[in-house]
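Q: Pasting start-v8.cif below, which is mmCIF, C-alpha atoms and all ligand atoms.
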```
data_structure
#
loop_
_atom_site.label_atom_id
_atom_site.label_comp_id
_atom_site.auth_asym_id
_atom_site.auth_seq_id
_atom_site.Cartn_x
_atom_site.Cartn_y
_atom_site.Cartn_z
CA MET A 1 0.00 0.00 0.00
CA GLU A 2 1.25 3.48 -0.88
CA GLN A 3 2.29 5.60 2.07
CA GLN A 4 -0.19 8.31 1.07
CA THR A 5 -3.05 5.80 0.90
CA LEU A 6 -2.10 4.42 4.29
CA LEU A 7 -2.08 7.91 5.80
CA ALA A 8 -5.45 8.71 4.22
CA TYR A 9 -6.94 5.58 5.80
CA LEU A 10 -5.37 6.50 9.14
CA ARG A 11 -6.94 9.95 8.88
CA GLY A 12 -10.29 8.20 8.60
CA GLU A 13 -11.10 9.13 5.01
CA ASP A 14 -12.85 5.85 4.21
CA ASP A 15 -13.58 3.82 7.35
CA SER A 16 -16.46 1.79 5.96
CA ALA A 17 -14.48 0.54 2.96
CA LEU A 18 -11.45 -0.11 5.19
CA PHE A 19 -13.39 -2.11 7.76
CA ALA A 20 -15.31 -4.10 5.12
CA LYS A 21 -12.09 -5.01 3.30
CA ALA A 22 -10.43 -6.11 6.55
CA ASP A 23 -13.36 -8.36 7.45
CA GLU A 24 -13.43 -9.83 3.95
CA ILE A 25 -9.73 -10.71 4.17
CA ARG A 26 -10.07 -12.12 7.66
CA ARG A 27 -12.92 -14.37 6.48
CA SER A 28 -10.98 -15.53 3.44
CA VAL A 29 -8.02 -16.66 5.59
CA TYR A 30 -9.51 -17.60 8.97
CA GLY A 31 -13.24 -17.88 8.24
CA THR A 32 -15.35 -16.81 11.17
CA ASP A 33 -13.22 -18.61 13.78
CA VAL A 34 -12.08 -16.74 16.87
CA TYR A 35 -9.15 -18.24 18.77
CA ILE A 36 -9.00 -17.91 22.52
CA ARG A 37 -5.78 -17.64 24.53
CA GLY A 38 -5.69 -18.19 28.26
CA LEU A 39 -3.74 -15.30 29.70
CA ILE A 40 -1.83 -16.04 32.90
CA GLU A 41 -0.23 -12.96 34.44
CA ILE A 42 2.64 -14.63 36.27
CA SER A 43 4.33 -11.63 37.90
CA ASN A 44 3.97 -7.87 38.15
CA PHE A 45 7.55 -7.32 39.28
CA CYS A 46 9.37 -5.48 36.53
CA ALA A 47 12.92 -4.24 36.18
CA ARG A 48 11.90 -1.68 33.54
CA ASN A 49 10.59 1.82 33.89
CA CYS A 50 8.49 2.42 30.78
CA TYR A 51 6.80 5.79 31.29
CA TYR A 52 3.36 4.52 30.25
CA CYS A 53 3.12 1.30 32.24
CA GLY A 54 1.53 0.87 35.66
CA ILE A 55 3.82 -1.97 36.76
CA ARG A 56 7.01 0.02 36.04
CA ALA A 57 9.74 -0.53 38.63
CA GLY A 58 9.44 3.06 39.80
CA ASN A 59 5.80 2.80 40.82
CA PRO A 60 5.84 2.41 44.61
CA ASN A 61 2.05 2.01 44.74
CA THR A 62 1.93 -1.30 42.87
CA SER A 63 1.34 -4.18 45.22
CA ARG A 64 3.74 -6.75 43.82
CA TYR A 65 3.04 -10.46 43.44
CA ARG A 66 4.37 -13.44 41.60
CA LEU A 67 2.73 -16.79 41.06
CA THR A 68 4.50 -20.06 41.81
CA ASN A 69 4.96 -22.66 39.11
CA ASP A 70 2.34 -24.79 40.91
CA GLU A 71 -0.19 -21.94 40.80
CA ILE A 72 0.52 -21.32 37.12
CA LEU A 73 0.08 -24.99 36.32
CA ALA A 74 -3.24 -24.99 38.18
CA CYS A 75 -4.40 -22.05 35.99
CA ALA A 76 -3.43 -24.02 32.88
CA HIS A 77 -5.32 -27.14 34.06
CA HIS A 78 -8.40 -25.05 34.71
CA GLY A 79 -8.07 -23.37 31.33
CA TYR A 80 -7.65 -26.70 29.57
CA SER A 81 -10.92 -27.97 31.03
CA LEU A 82 -12.62 -24.87 29.63
CA GLY A 83 -11.31 -25.45 26.11
CA PHE A 84 -8.16 -23.34 26.01
CA ARG A 85 -5.39 -24.80 23.86
CA THR A 86 -2.97 -21.87 24.16
CA PHE A 87 -1.59 -20.46 27.38
CA VAL A 88 0.09 -17.08 27.42
CA LEU A 89 2.53 -16.60 30.29
CA GLN A 90 2.90 -12.86 30.62
CA GLY A 91 4.80 -10.89 33.21
CA GLY A 92 7.10 -8.00 33.90
CA GLU A 93 10.82 -8.55 33.50
CA ASP A 94 11.16 -10.35 36.81
CA PRO A 95 14.56 -11.97 37.55
CA TYR A 96 12.77 -14.52 39.76
CA PHE A 97 11.51 -16.10 36.53
CA SER A 98 14.99 -17.17 35.55
CA GLU A 99 15.87 -19.17 32.47
CA LYS A 100 15.72 -22.34 34.53
CA THR A 101 12.45 -21.61 36.36
CA VAL A 102 10.67 -20.83 33.10
CA CYS A 103 12.14 -23.93 31.42
CA GLU A 104 10.71 -26.06 34.21
CA LEU A 105 7.38 -24.32 33.89
CA ILE A 106 7.18 -24.82 30.12
CA ASP A 107 8.19 -28.44 30.52
CA ARG A 108 5.48 -29.09 33.10
CA ILE A 109 2.75 -27.44 31.02
CA LYS A 110 3.83 -29.29 27.87
CA THR A 111 4.05 -32.61 29.69
CA HIS A 112 0.51 -32.28 31.02
CA HIS A 113 -0.93 -30.67 27.90
CA PRO A 114 1.06 -31.77 24.84
CA ASP A 115 -1.72 -30.58 22.55
CA CYS A 116 -1.40 -26.98 23.76
CA ALA A 117 0.73 -24.08 22.62
CA VAL A 118 2.73 -22.08 25.13
CA THR A 119 3.21 -18.40 24.40
CA LEU A 120 5.67 -16.37 26.43
CA SER A 121 5.49 -12.63 26.99
CA LEU A 122 8.35 -11.97 29.38
CA GLY A 123 10.10 -9.03 27.79
CA GLU A 124 13.64 -8.58 26.57
CA GLN A 125 15.97 -11.47 27.40
CA PRO A 126 19.36 -12.71 26.21
CA LYS A 127 19.17 -14.74 23.01
CA GLU A 128 20.48 -17.77 24.88
CA THR A 129 17.53 -17.57 27.25
CA TYR A 130 15.11 -17.35 24.34
CA ARG A 131 16.86 -20.38 22.87
CA ALA A 132 16.57 -22.37 26.11
CA TRP A 133 12.86 -21.57 26.41
CA PHE A 134 12.26 -22.56 22.81
CA SER A 135 14.12 -25.84 23.37
CA ALA A 136 11.99 -26.43 26.47
CA GLY A 137 8.91 -26.29 24.23
CA ALA A 138 7.71 -22.68 24.03
CA ASP A 139 5.95 -22.07 20.71
CA ARG A 140 5.33 -18.34 20.52
CA TYR A 141 6.62 -15.07 21.94
CA LEU A 142 4.90 -11.71 22.28
CA LEU A 143 7.07 -8.61 22.42
CA ARG A 144 5.55 -5.42 21.12
CA HIS A 145 8.03 -3.12 19.43
CA GLU A 146 5.94 -0.27 20.98
CA THR A 147 6.99 2.27 18.35
CA ALA A 148 9.26 1.99 15.31
CA THR A 149 10.48 5.59 15.50
CA LYS A 150 13.61 5.91 17.62
CA SER A 151 12.96 9.44 18.93
CA HIS A 152 9.42 8.44 19.87
CA TYR A 153 10.68 5.27 21.56
CA GLN A 154 13.07 7.38 23.59
CA SER A 155 10.27 9.68 24.68
CA LEU A 156 8.31 6.68 26.04
CA HIS A 157 11.19 4.96 27.81
CA PRO A 158 14.12 5.92 30.04
CA GLN A 159 17.62 5.88 28.58
CA THR A 160 18.23 2.44 30.07
CA SER A 161 15.81 0.97 27.50
CA SER A 162 17.36 0.41 24.09
CA PHE A 163 15.38 0.85 20.89
CA GLU A 164 17.93 -1.29 19.03
CA ASN A 165 17.92 -4.10 21.57
CA ARG A 166 14.17 -4.45 21.41
CA ARG A 167 14.28 -4.88 17.64
CA GLU A 168 17.21 -7.28 17.89
CA CYS A 169 15.19 -9.38 20.35
CA LEU A 170 12.34 -9.64 17.84
CA PHE A 171 14.60 -10.77 15.01
CA ALA A 172 16.38 -13.22 17.33
CA LEU A 173 13.04 -14.75 18.34
CA LYS A 174 12.11 -15.23 14.69
CA GLU A 175 15.42 -16.76 13.84
CA LEU A 176 15.07 -19.23 16.73
CA GLY A 177 11.79 -20.47 15.26
CA TYR A 178 9.15 -18.90 17.50
CA GLN A 179 5.88 -17.64 16.09
CA VAL A 180 6.50 -14.00 16.94
CA GLY A 181 4.08 -11.29 17.93
CA SER A 182 4.84 -7.60 17.86
CA GLY A 183 2.70 -4.49 17.98
CA PHE A 184 2.18 -1.08 19.45
CA MET A 185 -0.13 1.25 21.32
CA VAL A 186 -2.31 3.79 19.55
CA GLY A 187 -2.40 7.27 21.03
CA SER A 188 0.69 7.06 23.18
CA PRO A 189 2.05 10.51 24.10
CA ASN A 190 3.66 12.38 21.16
CA GLN A 191 2.50 9.81 18.59
CA THR A 192 1.66 11.06 15.09
CA LEU A 193 0.07 9.28 12.12
CA GLU A 194 3.52 9.22 10.52
CA HIS A 195 4.75 7.21 13.50
CA LEU A 196 1.95 4.70 12.86
CA ALA A 197 2.98 4.48 9.21
CA GLU A 198 6.53 3.72 10.44
CA ASP A 199 5.10 1.00 12.67
CA PHE A 200 3.56 -0.68 9.64
CA ALA A 201 6.82 -0.35 7.71
CA PHE A 202 8.64 -2.05 10.59
CA LEU A 203 6.06 -4.85 10.70
CA ALA A 204 6.56 -5.35 6.96
CA GLU A 205 10.26 -5.88 7.66
CA LEU A 206 9.68 -8.19 10.64
CA GLN A 207 6.76 -10.15 9.13
CA PRO A 208 5.35 -11.13 12.54
CA ASP A 209 2.83 -13.94 13.02
CA MET A 210 0.86 -11.98 15.63
CA ILE A 211 0.14 -8.25 15.83
CA GLY A 212 -1.13 -6.75 19.08
CA ILE A 213 -2.58 -3.27 18.85
CA GLY A 214 -4.40 -1.49 21.64
CA PRO A 215 -5.12 2.07 22.67
CA PHE A 216 -2.84 3.79 25.15
CA ILE A 217 -4.75 4.20 28.42
CA PRO A 218 -3.21 6.30 31.20
CA HIS A 219 -2.22 4.88 34.55
CA CYS A 220 -2.43 7.43 37.35
CA ASP A 221 0.88 6.44 38.98
CA THR A 222 3.00 6.95 35.85
CA PRO A 223 4.58 10.02 34.24
CA PHE A 224 1.83 9.85 31.56
CA GLY A 225 -1.01 9.67 34.07
CA ALA A 226 -2.62 12.87 32.82
CA HIS A 227 -2.36 12.06 29.13
CA PRO A 228 -5.66 11.21 27.36
CA SER A 229 -6.43 7.69 26.12
CA GLY A 230 -5.93 6.67 22.51
CA ASP A 231 -8.84 7.16 20.12
CA LEU A 232 -11.22 4.24 19.52
CA SER A 233 -11.72 4.86 15.79
CA LEU A 234 -8.03 5.32 15.12
CA THR A 235 -7.29 2.08 16.98
CA LEU A 236 -9.89 0.24 14.88
CA ARG A 237 -8.38 1.67 11.69
CA THR A 238 -4.94 0.39 12.67
CA VAL A 239 -6.40 -3.06 13.43
CA ALA A 240 -8.10 -3.10 10.02
CA LEU A 241 -4.91 -1.98 8.28
CA ALA A 242 -2.95 -4.68 10.10
CA ARG A 243 -5.37 -7.30 8.72
CA ILE A 244 -5.20 -5.91 5.18
CA LEU A 245 -1.42 -5.61 5.14
CA PHE A 246 -0.84 -8.93 6.96
CA PRO A 247 -3.69 -11.23 5.90
CA HIS A 248 -2.33 -14.26 7.79
CA ALA A 249 -1.55 -12.54 11.07
CA LEU A 250 -3.22 -13.49 14.31
CA ILE A 251 -4.63 -10.24 15.63
CA PRO A 252 -6.19 -9.93 19.08
CA ALA A 253 -9.10 -7.72 19.99
CA THR A 254 -7.16 -6.49 23.01
CA THR A 255 -8.30 -6.01 26.59
CA ALA A 256 -7.25 -2.36 26.26
CA LEU A 257 -9.70 -1.98 23.36
CA GLY A 258 -12.43 -3.55 25.51
CA THR A 259 -11.50 -1.25 28.38
CA LEU A 260 -11.67 1.86 26.21
CA HIS A 261 -15.21 1.17 24.98
CA PRO A 262 -17.94 -1.32 26.01
CA GLN A 263 -18.14 -2.60 22.42
CA GLY A 264 -14.43 -2.20 21.72
CA ARG A 265 -13.66 -5.88 21.55
CA GLU A 266 -16.60 -6.72 19.26
CA ARG A 267 -15.74 -3.83 17.00
CA GLY A 268 -12.16 -5.05 16.81
CA LEU A 269 -13.37 -8.50 15.76
CA LYS A 270 -15.54 -6.95 13.06
CA CYS A 271 -12.63 -5.15 11.47
CA GLY A 272 -10.01 -7.83 11.26
CA ALA A 273 -9.16 -9.15 14.73
CA ASN A 274 -9.51 -12.93 15.21
CA VAL A 275 -8.16 -13.62 18.71
CA VAL A 276 -9.33 -12.86 22.24
CA MET A 277 -7.32 -13.42 25.39
CA PRO A 278 -9.50 -14.07 28.43
CA ASN A 279 -7.80 -13.80 31.78
CA LEU A 280 -7.00 -17.09 33.56
CA SER A 281 -4.97 -15.49 36.35
CA PRO A 282 -6.09 -16.04 39.94
CA GLU A 283 -8.58 -13.38 40.99
CA ALA A 284 -6.14 -11.73 43.43
CA ALA A 285 -3.48 -11.29 40.76
CA ARG A 286 -5.73 -9.65 38.19
CA ALA A 287 -6.39 -6.38 39.94
CA ARG A 288 -2.70 -6.06 40.70
CA TYR A 289 -1.59 -6.63 37.11
CA SER A 290 -2.53 -3.06 36.41
CA LEU A 291 -0.81 -1.76 33.29
CA TYR A 292 -3.36 1.06 32.94
CA ASN A 293 -6.35 2.40 34.87
CA ASN A 294 -9.67 0.55 34.88
CA LYS A 295 -8.20 -2.50 33.15
CA LEU A 296 -11.11 -4.90 32.80
CA HIS A 297 -10.87 -7.92 35.02
CA THR A 298 -14.34 -8.98 36.07
CA GLY A 299 -16.37 -8.89 32.82
CA THR A 300 -16.34 -11.09 29.73
CA GLU A 301 -12.57 -10.80 29.43
CA SER A 302 -12.39 -13.00 32.54
CA VAL A 303 -12.64 -16.72 32.26
CA GLU A 304 -15.61 -16.92 34.65
CA GLN A 305 -17.72 -15.40 31.92
CA LEU A 306 -16.42 -17.46 29.03
CA GLN A 307 -19.92 -18.55 28.03
CA LYS A 308 -21.08 -14.95 27.91
CA LEU A 309 -18.06 -14.07 25.78
CA LYS A 310 -18.88 -16.93 23.41
CA ASP A 311 -22.48 -15.74 23.16
CA GLU A 312 -21.42 -12.17 22.41
CA ILE A 313 -19.08 -13.38 19.69
CA SER A 314 -21.76 -15.65 18.16
CA ALA A 315 -24.17 -12.73 18.15
CA ILE A 316 -21.90 -10.82 15.76
CA GLY A 317 -21.42 -13.76 13.42
CA TYR A 318 -18.18 -15.42 14.53
CA GLN A 319 -17.50 -18.40 16.80
CA VAL A 320 -15.00 -19.31 19.48
CA VAL A 321 -13.25 -22.58 18.61
CA VAL A 322 -11.30 -25.14 20.64
CA ASP A 323 -8.01 -25.01 18.75
CA ARG A 324 -4.36 -24.10 19.25
CA GLY A 325 -4.93 -21.44 16.66
CA ASP A 326 -1.55 -21.48 14.98
CA VAL A 327 -0.76 -18.98 12.28
CA LYS A 328 -1.91 -20.02 8.78
CA LYS A 329 0.92 -19.46 6.38
N1 LIG A 401 -1.97 1.54 28.02
C1 LIG A 401 -2.12 0.61 27.06
N2 LIG A 401 -1.28 -0.41 26.87
C2 LIG A 401 -0.23 -0.51 27.70
N3 LIG A 401 0.77 -1.39 27.76
C3 LIG A 401 1.57 -1.07 28.79
N4 LIG A 401 1.11 0.02 29.41
C4 LIG A 401 -0.02 0.40 28.75
C5 LIG A 401 -0.92 1.47 28.87
N5 LIG A 401 -0.78 2.40 29.82
C6 LIG A 401 0.96 -2.43 26.74
C7 LIG A 401 2.35 -2.33 26.12
C8 LIG A 401 2.97 -3.67 26.47
C9 LIG A 401 1.75 -4.56 26.69
C10 LIG A 401 1.99 -5.76 27.53
O1 LIG A 401 0.83 -3.70 27.31
O2 LIG A 401 2.25 -2.18 24.71
O3 LIG A 401 3.80 -4.19 25.47
#
```
Please, can you express the file's structure as structure tokens?

A:
Amino acid sequence: MEQQTLLAYLRGEDDSALFAKADEIRRSVYGTDVYIRGLIEISNFCARNCYYCGIRAGNPNTSRYRLTNDEILACAHHGYSLGFRTFVLQGGEDPYFSEKTVCELIDRIKTHHPDCAVTLSLGEQPKETYRAWFSAGADRYLLRHETATKSHYQSLHPQTSSFENRRECLFALKELGYQVGSGFMVGSPNQTLEHLAEDFAFLAELQPDMIGIGPFIPHCDTPFGAHPSGDLSLTLRTVALARILFPHALIPATTALGTLHPQGRERGLKCGANVVMPNLSPEAARARYSLYNNKLHTGTESVEQLQKLKDEISAIGYQVVVDRGDVKK
């Protein structure tokens, strides 16, 4: 797609054509299936200090927790009985979850549930650690690039975070054989439409299997606490463009999108998204895994209301399936 066309779509010049095209492409590749991922938030300790994120190391008001491997395995067992065939282990960059601890965890999940995929979302790690986790059986890795423009990246992160390292991590993960997910927030402070165009150019270079896009939502205990949330329509346009530009990608209707607007998740599914990630974390952990204010954790994004989620998805013409939901290439 021409840069000028992309920018025109981002400006909202033809939303109905954009959304219809995205849904048509999604149906041609993935039909009306919606894949579910059981999200297990394993720790909210984080060594990083990203200016936008509620669990940043420098937030003294976060009540920190980490789950034990036994607790995580119990979440996976519960999820399996509900029909989940992918588990996403997500956490801050917590040294407690060492290479070895995570290897043991992956091994235990894979031994009990050999028909399931394990997705990791544990931040930037040495390539050798990524390799060890892949050898232990991890299938996929989520690491959003956050923004593909260096100056913008530097305005969202302290100097201790490296723009180059994050990109190198993504290419290393691909090379090791993971199905790789990247992505970005819409409406983060200082973001322009040109930055979003850069994000798509970076994705074209990376060719990720998964693309996570959600609106920025402020967290009151961060430097960006007073910044407004990202725009719903602009977020939906970026989701639709992601589907059109990357027809085979797995694209979640994110919790942030559902938090921004009561119909956010459904609207995401109608314009290209084909994945939802209900929360399997223990109740006590959920409220504490607070990346942004008002993050949903008791409604249909929680596993207790899986049936309601399925009904809502059926009502708009798609269906939740029991499937690992690997990328179709
Ligand atoms: N608003 C929206 N998304 C956020 N994330 C972190 N903080 C926020 C926020 N305030 C996203 C980042 C990260 C993912 C796990 O959550 O993009 O990669």

Q: Residues within 7 Å of ligand LIG 401 (chain A), counting all atoms listed in the file: report them as a list in words.

A: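 Counting only what the definition allows, namely all atoms listed in the file, the set is Tyr52, Cys53, Gly54, Leu143, Arg144, Glu146, Phe184, Met185, Gly214, Pro215, Phe216, Ile217, Pro218, His219, Ala256, Leu291 and Tyr292 of chain A.
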
Q: Between A:Ala226, A:Leu296, A:Val29, A:Ile55, which is the closest to A:Leu260 once you count only C-alpha atoms?

A: A:Leu296

Q: Provide the atom CA of A:Leu39 to atom CA of A:Thr86 distance in Å, to one decimal place.

A: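 We find that atom CA of A:Leu39 and atom CA of A:Thr86 lie 8.6 Å from each other.
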
Q: For A:Leu89, work out the shell of residues within 10 Å, counting all atoms listed in the file and skipping chain neighbours fewer than 3 positions away, then give it as a PyMOL selection string.

A: chain A and resi 38-43+72+76+86+102+105-106+118-122+141-142+281

Q: Looking at A:Val88, A:Ala249, A:Ala148, A:Leu196, which one is nearest to A:Cys75, with distances taken over only C-alpha atoms?

A: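 Among the listed residues, A:Val88 lies closest to A:Cys75.
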
Q: Between atom CA of A:His195 and atom CA of A:Gly123, what distance in Å does the model show, to one decimal?

A: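 Distance reported for this atom pair: 22.3 Å.
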